[in-house]
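A.B. asks: My file is work09.pdb. It has PDB, C-alpha atoms:
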ATOM      1  CA  MET A   1    -181.671-127.857-256.830  1.00  0.00           C
ATOM      2  CA  SER A   2    -180.824-129.552-260.110  1.00  0.00           C
ATOM      3  CA  THR A   3    -182.258-132.987-260.833  1.00  0.00           C
ATOM      4  CA  LEU A   4    -180.321-136.090-261.871  1.00  0.00           C
ATOM      5  CA  PRO A   5    -181.000-135.536-265.612  1.00  0.00           C
ATOM      6  CA  ASP A   6    -179.672-131.978-265.183  1.00  0.00           C
ATOM      7  CA  LEU A   7    -176.521-133.343-263.571  1.00  0.00           C
ATOM      8  CA  GLU A   8    -176.053-135.908-266.331  1.00  0.00           C
ATOM      9  CA  ARG A   9    -176.322-133.162-268.949  1.00  0.00           C
ATOM     10  CA  GLU A  10    -173.793-131.001-267.096  1.00  0.00           C
ATOM     11  CA  LEU A  11    -171.348-133.896-266.822  1.00  0.00           C
ATOM     12  CA  LEU A  12    -171.653-134.600-270.531  1.00  0.00           C
ATOM     13  CA  LEU A  13    -170.952-130.948-271.326  1.00  0.00           C
ATOM     14  CA  ALA A  14    -167.996-131.000-268.946  1.00  0.00           C
ATOM     15  CA  ALA A  15    -166.649-134.107-270.684  1.00  0.00           C
ATOM     16  CA  ARG A  16    -166.801-132.425-274.074  1.00  0.00           C
ATOM     17  CA  ARG A  17    -165.100-129.269-272.760  1.00  0.00           C
ATOM     18  CA  ALA A  18    -162.391-131.346-271.086  1.00  0.00           C
ATOM     19  CA  ALA A  19    -161.682-133.391-274.208  1.00  0.00           C
ATOM     20  CA  ALA A  20    -159.917-130.436-275.830  1.00  0.00           C
ATOM     21  CA  SER A  21    -157.734-129.693-272.812  1.00  0.00           C
ATOM     22  CA  ARG A  22    -156.946-133.101-271.265  1.00  0.00           C
ATOM     23  CA  TRP A  23    -158.968-132.961-268.027  1.00  0.00           C
ATOM     24  CA  PRO A  24    -157.940-129.532-266.693  1.00  0.00           C
ATOM     25  CA  TRP A  25    -160.254-129.932-263.681  1.00  0.00           C
ATOM     26  CA  ARG A  26    -158.157-132.773-262.261  1.00  0.00           C
ATOM     27  CA  ARG A  27    -155.679-130.261-260.873  1.00  0.00           C
ATOM     28  CA  ALA A  28    -158.311-127.961-259.409  1.00  0.00           C
ATOM     29  CA  GLY A  29    -158.496-129.710-256.025  1.00  0.00           C
ATOM     30  CA  ALA A  30    -159.442-133.053-254.502  1.00  0.00           C
ATOM     31  CA  LEU A  31    -163.154-132.196-254.455  1.00  0.00           C
ATOM     32  CA  ALA A  32    -163.340-129.361-256.964  1.00  0.00           C
ATOM     33  CA  LEU A  33    -165.493-129.255-260.080  1.00  0.00           C
ATOM     34  CA  THR A  34    -167.198-126.482-261.995  1.00  0.00           C
ATOM     35  CA  GLY A  35    -170.585-124.912-261.284  1.00  0.00           C
ATOM     36  CA  ALA A  36    -173.565-127.243-261.588  1.00  0.00           C
ATOM     37  CA  ALA A  37    -171.553-130.444-261.752  1.00  0.00           C
ATOM     38  CA  LEU A  38    -170.331-129.750-258.214  1.00  0.00           C
ATOM     39  CA  LEU A  39    -173.497-128.354-256.683  1.00  0.00           C
ATOM     40  CA  ALA A  40    -176.119-130.538-258.340  1.00  0.00           C
ATOM     41  CA  ALA A  41    -174.340-133.622-257.058  1.00  0.00           C
ATOM     42  CA  GLY A  42    -175.767-132.915-253.618  1.00  0.00           C
ATOM     43  CA  ALA A  43    -179.282-133.766-254.820  1.00  0.00           C
ATOM     44  CA  GLY A  44    -179.023-137.380-253.641  1.00  0.00           C
ATOM     45  CA  ALA A  45    -177.439-136.866-250.222  1.00  0.00           C
ATOM     46  CA  ALA A  46    -176.714-140.130-248.431  1.00  0.00           C
ATOM     47  CA  THR A  47    -176.749-141.208-244.786  1.00  0.00           C
ATOM     48  CA  GLN A  48    -173.410-142.623-243.642  1.00  0.00           C
ATOM     49  CA  PHE A  49    -172.987-145.924-241.787  1.00  0.00           C
ATOM     50  CA  GLY A  50    -169.828-147.764-240.711  1.00  0.00           C
ATOM     51  CA  ASN A  51    -166.375-147.425-242.262  1.00  0.00           C
ATOM     52  CA  ILE A  52    -165.272-150.042-244.800  1.00  0.00           C
ATOM     53  CA  ASP A  53    -161.755-148.973-245.718  1.00  0.00           C
ATOM     54  CA  GLU A  54    -159.133-146.329-244.981  1.00  0.00           C
ATOM     55  CA  GLY A  55    -155.723-145.306-246.262  1.00  0.00           C
ATOM     56  CA  ALA A  56    -153.556-142.403-247.334  1.00  0.00           C
ATOM     57  CA  THR A  57    -152.383-140.792-250.552  1.00  0.00           C
ATOM     58  CA  ALA A  58    -150.326-137.681-251.249  1.00  0.00           C
ATOM     59  CA  SER A  59    -153.599-135.771-250.755  1.00  0.00           C
ATOM     60  CA  GLY A  60    -153.914-136.992-247.164  1.00  0.00           C
ATOM     61  CA  ARG A  61    -155.714-139.667-245.171  1.00  0.00           C
ATOM     62  CA  TYR A  62    -159.143-140.876-246.249  1.00  0.00           C
ATOM     63  CA  GLN A  63    -161.949-143.189-245.190  1.00  0.00           C
ATOM     64  CA  ILE A  64    -164.523-145.050-247.288  1.00  0.00           C
ATOM     65  CA  ALA A  65    -167.856-145.748-245.624  1.00  0.00           C
ATOM     66  CA  ARG A  66    -171.092-147.466-246.562  1.00  0.00           C
ATOM     67  CA  ALA A  67    -174.176-145.289-246.857  1.00  0.00           C
ATOM     68  CA  ALA A  68    -177.752-145.562-248.123  1.00  0.00           C
ATOM     69  CA  ASP A  69    -179.621-143.023-250.207  1.00  0.00           C
ATOM     70  CA  GLU A  70    -183.243-142.037-249.727  1.00  0.00           C
ATOM     71  CA  SER A  71    -184.465-144.598-252.262  1.00  0.00           C
ATOM     72  CA  GLY A  72    -182.721-147.442-250.445  1.00  0.00           C
ATOM     73  CA  GLY A  73    -179.840-147.851-252.915  1.00  0.00           C
ATOM     74  CA  ILE A  74    -176.275-148.587-251.870  1.00  0.00           C
ATOM     75  CA  CYS A  75    -173.856-145.647-251.647  1.00  0.00           C
ATOM     76  CA  LEU A  76    -170.156-145.480-250.852  1.00  0.00           C
ATOM     77  CA  ASN A  77    -168.727-142.280-249.358  1.00  0.00           C
ATOM     78  CA  LEU A  78    -165.081-141.263-249.601  1.00  0.00           C
ATOM     79  CA  ARG A  79    -163.946-138.548-247.201  1.00  0.00           C
ATOM     80  CA  PHE A  80    -160.512-136.932-247.057  1.00  0.00           C
ATOM     81  CA  GLU A  81    -159.618-135.283-243.782  1.00  0.00           C
ATOM     82  CA  GLY A  82    -160.851-131.695-243.832  1.00  0.00           C
ATOM     83  CA  HIS A  83    -163.246-132.226-246.741  1.00  0.00           C
ATOM     84  CA  ARG A  84    -166.887-133.134-247.155  1.00  0.00           C
ATOM     85  CA  PRO A  85    -167.554-136.669-248.435  1.00  0.00           C
ATOM     86  CA  ALA A  86    -167.756-137.555-252.116  1.00  0.00           C
ATOM     87  CA  TYR A  87    -170.125-140.399-252.903  1.00  0.00           C
ATOM     88  CA  GLY A  88    -171.499-142.702-255.568  1.00  0.00           C
ATOM     89  CA  CYS A  89    -174.740-144.708-255.467  1.00  0.00           C
ATOM     90  CA  SER A  90    -175.992-147.717-257.412  1.00  0.00           C
ATOM     91  CA  ASP A  91    -177.768-151.040-257.225  1.00  0.00           C
ATOM     92  CA  GLY A  92    -175.555-153.959-256.268  1.00  0.00           C
ATOM     93  CA  PRO A  93    -173.748-156.247-258.752  1.00  0.00           C
ATOM     94  CA  ASP A  94    -175.107-159.664-259.777  1.00  0.00           C
ATOM     95  CA  ALA A  95    -174.101-162.639-261.900  1.00  0.00           C
ATOM     96  CA  GLN A  96    -175.106-160.873-265.133  1.00  0.00           C
ATOM     97  CA  HIS A  97    -173.421-157.607-264.116  1.00  0.00           C
ATOM     98  CA  PRO A  98    -170.142-158.438-262.333  1.00  0.00           C
ATOM     99  CA  PHE A  99    -169.366-154.744-261.801  1.00  0.00           C
ATOM    100  CA  GLY A 100    -171.761-152.818-259.601  1.00  0.00           C
ATOM    101  CA  LEU A 101    -170.946-149.365-258.323  1.00  0.00           C
ATOM    102  CA  VAL A 102    -167.511-148.066-259.434  1.00  0.00           C
ATOM    103  CA  VAL A 103    -166.314-144.621-258.327  1.00  0.00           C
ATOM    104  CA  VAL A 104    -163.067-142.833-259.209  1.00  0.00           C
ATOM    105  CA  SER A 105    -161.683-139.982-257.123  1.00  0.00           C
ATOM    106  CA  SER A 106    -159.740-137.096-258.667  1.00  0.00           C
ATOM    107  CA  GLU A 107    -156.852-135.632-256.697  1.00  0.00           C
ATOM    108  CA  GLN A 108    -154.177-132.946-256.856  1.00  0.00           C
ATOM    109  CA  SER A 109    -151.465-135.594-256.488  1.00  0.00           C
ATOM    110  CA  ASN A 110    -152.168-137.188-259.910  1.00  0.00           C
ATOM    111  CA  GLU A 111    -153.359-140.331-258.146  1.00  0.00           C
ATOM    112  CA  ARG A 112    -156.773-141.958-258.248  1.00  0.00           C
ATOM    113  CA  ILE A 113    -158.621-144.060-255.723  1.00  0.00           C
ATOM    114  CA  ILE A 114    -160.814-146.496-257.642  1.00  0.00           C
ATOM    115  CA  TYR A 115    -163.352-148.216-255.421  1.00  0.00           C
ATOM    116  CA  GLY A 116    -166.617-150.060-255.763  1.00  0.00           C
ATOM    117  CA  LEU A 117    -168.524-153.342-255.661  1.00  0.00           C
ATOM    118  CA  ALA A 118    -168.071-156.549-257.639  1.00  0.00           C
ATOM    119  CA  ALA A 119    -170.176-159.712-257.811  1.00  0.00           C
ATOM    120  CA  ALA A 120    -169.441-162.660-255.506  1.00  0.00           C
ATOM    121  CA  GLN A 121    -167.717-164.652-258.296  1.00  0.00           C
ATOM    122  CA  VAL A 122    -165.125-161.901-258.896  1.00  0.00           C
ATOM    123  CA  ALA A 123    -161.809-162.886-257.306  1.00  0.00           C
ATOM    124  CA  ARG A 124    -159.664-160.059-258.739  1.00  0.00           C
ATOM    125  CA  VAL A 125    -160.096-156.706-260.437  1.00  0.00           C
ATOM    126  CA  ASP A 126    -157.216-155.399-262.570  1.00  0.00           C
ATOM    127  CA  VAL A 127    -156.906-151.681-263.296  1.00  0.00           C
ATOM    128  CA  LEU A 128    -155.147-151.334-266.663  1.00  0.00           C
ATOM    129  CA  GLY A 129    -152.509-148.648-267.147  1.00  0.00           C
ATOM    130  CA  ASP A 130    -149.951-147.797-269.811  1.00  0.00           C
ATOM    131  CA  GLY A 131    -148.821-150.660-272.023  1.00  0.00           C
ATOM    132  CA  ASP A 132    -148.888-153.922-270.037  1.00  0.00           C
ATOM    133  CA  GLU A 133    -149.228-152.147-266.685  1.00  0.00           C
ATOM    134  CA  ARG A 134    -151.857-153.728-264.394  1.00  0.00           C
ATOM    135  CA  THR A 135    -152.698-152.970-260.786  1.00  0.00           C
ATOM    136  CA  PRO A 136    -154.701-155.719-259.041  1.00  0.00           C
ATOM    137  CA  ALA A 137    -157.395-155.210-256.403  1.00  0.00           C
ATOM    138  CA  ILE A 138    -158.677-158.176-254.386  1.00  0.00           C
ATOM    139  CA  PRO A 139    -162.392-157.821-253.557  1.00  0.00           C
ATOM    140  CA  ARG A 140    -163.505-158.793-250.063  1.00  0.00           C
ATOM    141  CA  GLN A 141    -166.780-159.255-248.294  1.00  0.00           C
ATOM    142  CA  ALA A 142    -167.905-156.228-246.289  1.00  0.00           C
ATOM    143  CA  GLU A 143    -170.757-156.252-243.814  1.00  0.00           C
ATOM    144  CA  ASP A 144    -174.200-155.347-245.219  1.00  0.00           C
ATOM    145  CA  LEU A 145    -172.876-154.762-248.751  1.00  0.00           C
ATOM    146  CA  PRO A 146    -174.053-156.687-251.830  1.00  0.00           C
ATOM    147  CA  GLY A 147    -171.252-158.485-253.628  1.00  0.00           C
ATOM    148  CA  ARG A 148    -167.694-157.692-252.564  1.00  0.00           C
ATOM    149  CA  PHE A 149    -165.904-154.403-251.963  1.00  0.00           C
ATOM    150  CA  PHE A 150    -162.621-153.429-253.670  1.00  0.00           C
ATOM    151  CA  SER A 151    -160.402-150.356-253.678  1.00  0.00           C
ATOM    152  CA  VAL A 152    -157.029-149.525-255.184  1.00  0.00           C
ATOM    153  CA  THR A 153    -154.853-146.411-255.619  1.00  0.00           C
ATOM    154  CA  VAL A 154    -153.281-145.998-259.061  1.00  0.00           C
ATOM    155  CA  PRO A 155    -151.494-143.266-261.038  1.00  0.00           C
ATOM    156  CA  ASP A 156    -153.728-141.024-263.119  1.00  0.00           C
ATOM    157  CA  ARG A 157    -153.349-142.428-266.652  1.00  0.00           C
ATOM    158  CA  GLY A 158    -156.215-140.639-268.377  1.00  0.00           C
ATOM    159  CA  ARG A 159    -158.889-143.117-269.453  1.00  0.00           C
ATOM    160  CA  ILE A 160    -160.045-145.946-267.197  1.00  0.00           C
ATOM    161  CA  GLU A 161    -160.372-149.667-267.911  1.00  0.00           C
ATOM    162  CA  LEU A 162    -161.118-152.415-265.354  1.00  0.00           C
ATOM    163  CA  VAL A 163    -161.123-156.188-265.892  1.00  0.00           C
ATOM    164  CA  ALA A 164    -162.816-158.674-263.522  1.00  0.00           C
ATOM    165  CA  TYR A 165    -161.541-162.276-263.169  1.00  0.00           C
ATOM    166  CA  ASP A 166    -162.876-165.337-261.358  1.00  0.00           C
ATOM    167  CA  ALA A 167    -160.853-167.672-259.102  1.00  0.00           C
ATOM    168  CA  ALA A 168    -159.694-169.682-262.156  1.00  0.00           C
ATOM    169  CA  ASP A 169    -158.332-166.465-263.738  1.00  0.00           C
ATOM    170  CA  ARG A 170    -161.057-166.385-266.374  1.00  0.00           C
ATOM    171  CA  GLU A 171    -162.164-162.969-267.543  1.00  0.00           C
ATOM    172  CA  LEU A 172    -165.718-162.176-266.437  1.00  0.00           C
ATOM    173  CA  ALA A 173    -166.234-158.569-267.499  1.00  0.00           C
ATOM    174  CA  ARG A 174    -164.599-155.335-268.623  1.00  0.00           C
ATOM    175  CA  LEU A 175    -165.604-151.810-267.714  1.00  0.00           C
ATOM    176  CA  GLY A 176    -164.315-148.713-269.502  1.00  0.00           C
ATOM    177  CA  SER A 177    -161.663-148.474-272.184  1.00  0.00           C
ATOM    178  CA  ARG A 178    -158.181-147.020-272.698  1.00  0.00           C
ATOM    179  CA  ALA A 179    -158.812-146.493-276.429  1.00  0.00           C
ATOM    180  CA  GLU A 180    -159.580-143.054-277.791  1.00  0.00           C
ATOM    181  CA  PRO A 181    -163.321-142.798-278.522  1.00  0.00           C
ATOM    182  CA  THR A 182    -164.573-142.614-282.098  1.00  0.00           C
ATOM    183  CA  GLY A 183    -167.354-140.148-281.234  1.00  0.00           C
ATOM    184  CA  PRO A 184    -168.913-138.119-278.411  1.00  0.00           C
ATOM    185  CA  ALA A 185    -170.760-139.756-275.522  1.00  0.00           C
ATOM    186  CA  HIS A 186    -174.488-139.091-275.145  1.00  0.00           C
ATOM    187  CA  SER A 187    -175.051-140.543-271.654  1.00  0.00           C
ATOM    188  CA  LEU A 188    -173.210-141.359-268.461  1.00  0.00           C
ATOM    189  CA  ALA A 189    -173.247-145.035-269.483  1.00  0.00           C
ATOM    190  CA  GLU A 190    -171.439-144.126-272.716  1.00  0.00           C
ATOM    191  CA  LEU A 191    -168.939-141.987-270.794  1.00  0.00           C
ATOM    192  CA  ARG A 192    -168.112-145.012-268.613  1.00  0.00           C
ATOM    193  CA  ALA A 193    -167.916-147.322-271.623  1.00  0.00           C
ATOM    194  CA  GLN A 194    -165.391-144.929-273.185  1.00  0.00           C
ATOM    195  CA  GLY A 195    -163.326-144.881-269.977  1.00  0.00           C
ATOM    196  CA  ASN A 196    -163.949-141.166-269.490  1.00  0.00           C
ATOM    197  CA  PRO A 197    -163.171-140.312-265.822  1.00  0.00           C
ATOM    198  CA  ILE A 198    -166.171-137.968-265.681  1.00  0.00           C
ATOM    199  CA  GLY A 199    -168.432-141.001-266.107  1.00  0.00           C
ATOM    200  CA  PHE A 200    -167.040-142.414-262.848  1.00  0.00           C
ATOM    201  CA  ALA A 201    -166.844-139.111-260.949  1.00  0.00           C
ATOM    202  CA  ALA A 202    -168.159-138.995-257.400  1.00  0.00           C
ATOM    203  CA  GLY A 203    -170.895-136.606-256.379  1.00  0.00           C
ATOM    204  CA  VAL A 204    -170.107-134.155-253.600  1.00  0.00           C
ATOM    205  CA  ALA A 205    -172.523-133.634-250.733  1.00  0.00           C
ATOM    206  CA  THR A 206    -173.894-130.105-250.639  1.00  0.00           C
ATOM    207  CA  ALA A 207    -172.311-127.915-247.984  1.00  0.00           C
ATOM    208  CA  ASP A 208    -174.245-125.686-245.583  1.00  0.00           C
ATOM    209  CA  ALA A 209    -173.375-122.496-247.498  1.00  0.00           C
ATOM    210  CA  VAL A 210    -172.089-121.239-250.843  1.00  0.00           C
ATOM    211  CA  GLU A 211    -169.862-118.161-250.764  1.00  0.00           C
ATOM    212  CA  TYR A 212    -168.713-115.878-253.586  1.00  0.00           C
ATOM    213  CA  ARG A 213    -166.748-112.673-252.970  1.00  0.00           C
ATOM    214  CA  GLY A 214    -167.769-112.642-249.322  1.00  0.00           C
ATOM    215  CA  ARG A 215    -171.517-113.072-249.827  1.00  0.00           C
ATOM    216  CA  SER A 216    -173.906-116.010-249.984  1.00  0.00           C
ATOM    217  CA  LEU A 217    -175.217-117.438-253.254  1.00  0.00           C
ATOM    218  CA  THR A 218    -177.749-120.113-254.103  1.00  0.00           C
ATOM    219  CA  PRO A 219    -176.455-123.177-255.981  1.00  0.00           C
ATOM    220  CA  ASP A 220    -178.575-122.164-258.983  1.00  0.00           C
ATOM    221  CA  GLU A 221    -176.964-118.709-259.072  1.00  0.00           C
ATOM    222  CA  ALA A 222    -173.469-120.212-258.874  1.00  0.00           C
ATOM    223  CA  THR A 223    -174.420-122.502-261.754  1.00  0.00           C
ATOM    224  CA  ARG A 224    -175.811-119.658-263.854  1.00  0.00           C
ATOM    225  CA  ARG A 225    -172.622-117.628-263.381  1.00  0.00           C
ATOM    226  CA  GLU A 226    -170.514-120.702-264.337  1.00  0.00           C
ATOM    227  CA  LEU A 227    -168.309-120.185-261.297  1.00  0.00           C
ATOM    228  CA  THR A 228    -165.484-122.489-260.253  1.00  0.00           C
ATOM    229  CA  CYS A 229    -166.213-123.852-256.772  1.00  0.00           C
ATOM    230  CA  ALA A 230    -164.383-125.909-254.141  1.00  0.00           C
ATOM    231  CA  HIS A 231    -165.632-127.627-250.996  1.00  0.00           C
ATOM    232  CA  ASN A 232    -164.067-127.509-247.598  1.00  0.00           C
ATOM    233  CA  GLN A 233    -165.603-129.059-244.506  1.00  0.00           C
ATOM    234  CA  ASP A 234    -168.366-126.487-243.972  1.00  0.00           C
ATOM    235  CA  VAL A 235    -168.735-124.293-247.028  1.00  0.00           C
ATOM    236  CA  VAL A 236    -168.497-124.135-250.820  1.00  0.00           C
ATOM    237  CA  ARG A 237    -166.407-121.163-251.988  1.00  0.00           C
ATOM    238  CA  CYS A 238    -166.768-120.035-255.589  1.00  0.00           C
ATOM    239  CA  TYR A 239    -164.404-118.012-257.781  1.00  0.00           C
ATOM    240  CA  ASP A 240    -164.480-116.500-261.237  1.00  0.00           C
ATOM    241  CA  THR A 241    -161.628-118.695-262.488  1.00  0.00           C
ATOM    242  CA  LYS A 242    -159.718-121.826-261.551  1.00  0.00           C
ATOM    243  CA  GLN A 243    -156.572-119.682-261.158  1.00  0.00           C
ATOM    244  CA  GLN A 244    -158.287-117.543-258.502  1.00  0.00           C
ATOM    245  CA  MET A 245    -159.365-120.672-256.644  1.00  0.00           C
ATOM    246  CA  GLU A 246    -155.858-122.156-256.714  1.00  0.00           C
ATOM    247  CA  ALA A 247    -154.339-118.889-255.505  1.00  0.00           C
ATOM    248  CA  ALA A 248    -156.791-118.765-252.587  1.00  0.00           C
ATOM    249  CA  GLU A 249    -156.068-122.404-251.683  1.00  0.00           C
ATOM    250  CA  SER A 250    -152.313-121.776-251.754  1.00  0.00           C
ATOM    251  CA  GLN A 251    -152.822-118.980-249.201  1.00  0.00           C
ATOM    252  CA  GLY A 252    -154.926-121.232-246.979  1.00  0.00           C
ATOM    253  CA  ARG A 253    -158.181-119.340-247.528  1.00  0.00           C
TER     254      ARG A 253
END
The structure in this file should be written as structure tokens.

C.D. replies:
Amino acid sequence: MSTLPDLERELLLAARRAAASRWPWRRAGALALTGAALLAAGAGAATQFGNIDEGATASGRYQIARAADESGGICLNLRFEGHRPAYGCSDGPDAQHPFGLVVVSSEQSNERIIYGLAAAQVARVDVLGDGDERTPAIPRQAEDLPGRFFSVTVPDRGRIELVAYDAADRELARLGSRAEPTGPAHSLAELRAQGNPIGFAAGVATADAVEYRGRSLTPDEATRRELTCAHNQDVVRCYDTKQQMEAAESQGR
């Protein structure tokens, strides 16, 4: 199984490949990524606790639940009906770091669910869109979570930028950017600072099996072959191309 540094390297490579083609993986399925980026994300599997939030998008109904990873960090799982959970993990926010964990889902419907944790002094989080477009999220206290939980569904506008405000409407912090970057990112932190969606991408819990052309593969073999893979509830199925995967999904396979 790949380690976290391996995953970070794969995500950086994926970001550079996507830059030339405007995020082609966004249309590959609600929980679909390529090769190692999908499979390595299972390295930090989390244990789920109670539900925090639920809702629906064009991709279907979903639930967000609190979880804890093996090191004791805070994780948030997002699960669409019929899919395995996607999750992000982090330390909690504090006064010096008003944004804690922030995760962005990627869906077929060209919508995003942006969810995460903000410090106690954050009264509102605005998601910036095109021009003067702003979508507010009101953080709330959730049991056994540090800081306050927020979630919001917004149109997919490319790069991501969030602004946190206190109760007096004073700006506390910004995360991400809508501006085009002046150079490549060299870490996940730089991807997030540039507003690159890959920097906020959720990990996907490893399924019980990986299938390719009717036979089982190891995650490492799927990575080596650079296959395109998609999760359903019980299995990861891999294909030679994104087009093959989409054709199989359209036929319900």

A.B. asks: Tell me which of A:Phe149, A:Tyr62, A:Phe200, A:Tyr239 sits closest to Glu81 (chain A), counting only C-alpha atoms.

C.D. replies: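 Between A:Phe149, A:Tyr62, A:Phe200, A:Tyr239, the residue approaching Glu81 (chain A) most closely is A:Tyr62.
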
A.B. asks: Run the PyMOL selection byres ((chain A and resi 125) around 6) mentally over the shown coordinates, then write out the matched residues as a ChimeraX atom specification, using the chain letters and numbers from the document.

C.D. replies: /A:124,126,136-137,163-164

A.B. asks: Any idea what the distance is between CA of Ala86 (chain A) and CA of Gly55 (chain A)?

C.D. replies: 15.5 Å

A.B. asks: Mind checking which residues fall within 6 Å of region 178-194 of chain A, counting only C-alpha atoms, ignoring those fewer than 3 positions away in the same chain, and posting them as a ChimeraX atom specification?

C.D. replies: /A:159-161,199

A.B. asks: Take CA of Ala56 (chain A) and CA of Gly116 (chain A) and report the distance between them in Å, one decimal.

C.D. replies: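 For CA of Ala56 (chain A) relative to CA of Gly116 (chain A), the distance reads 17.3 Å.
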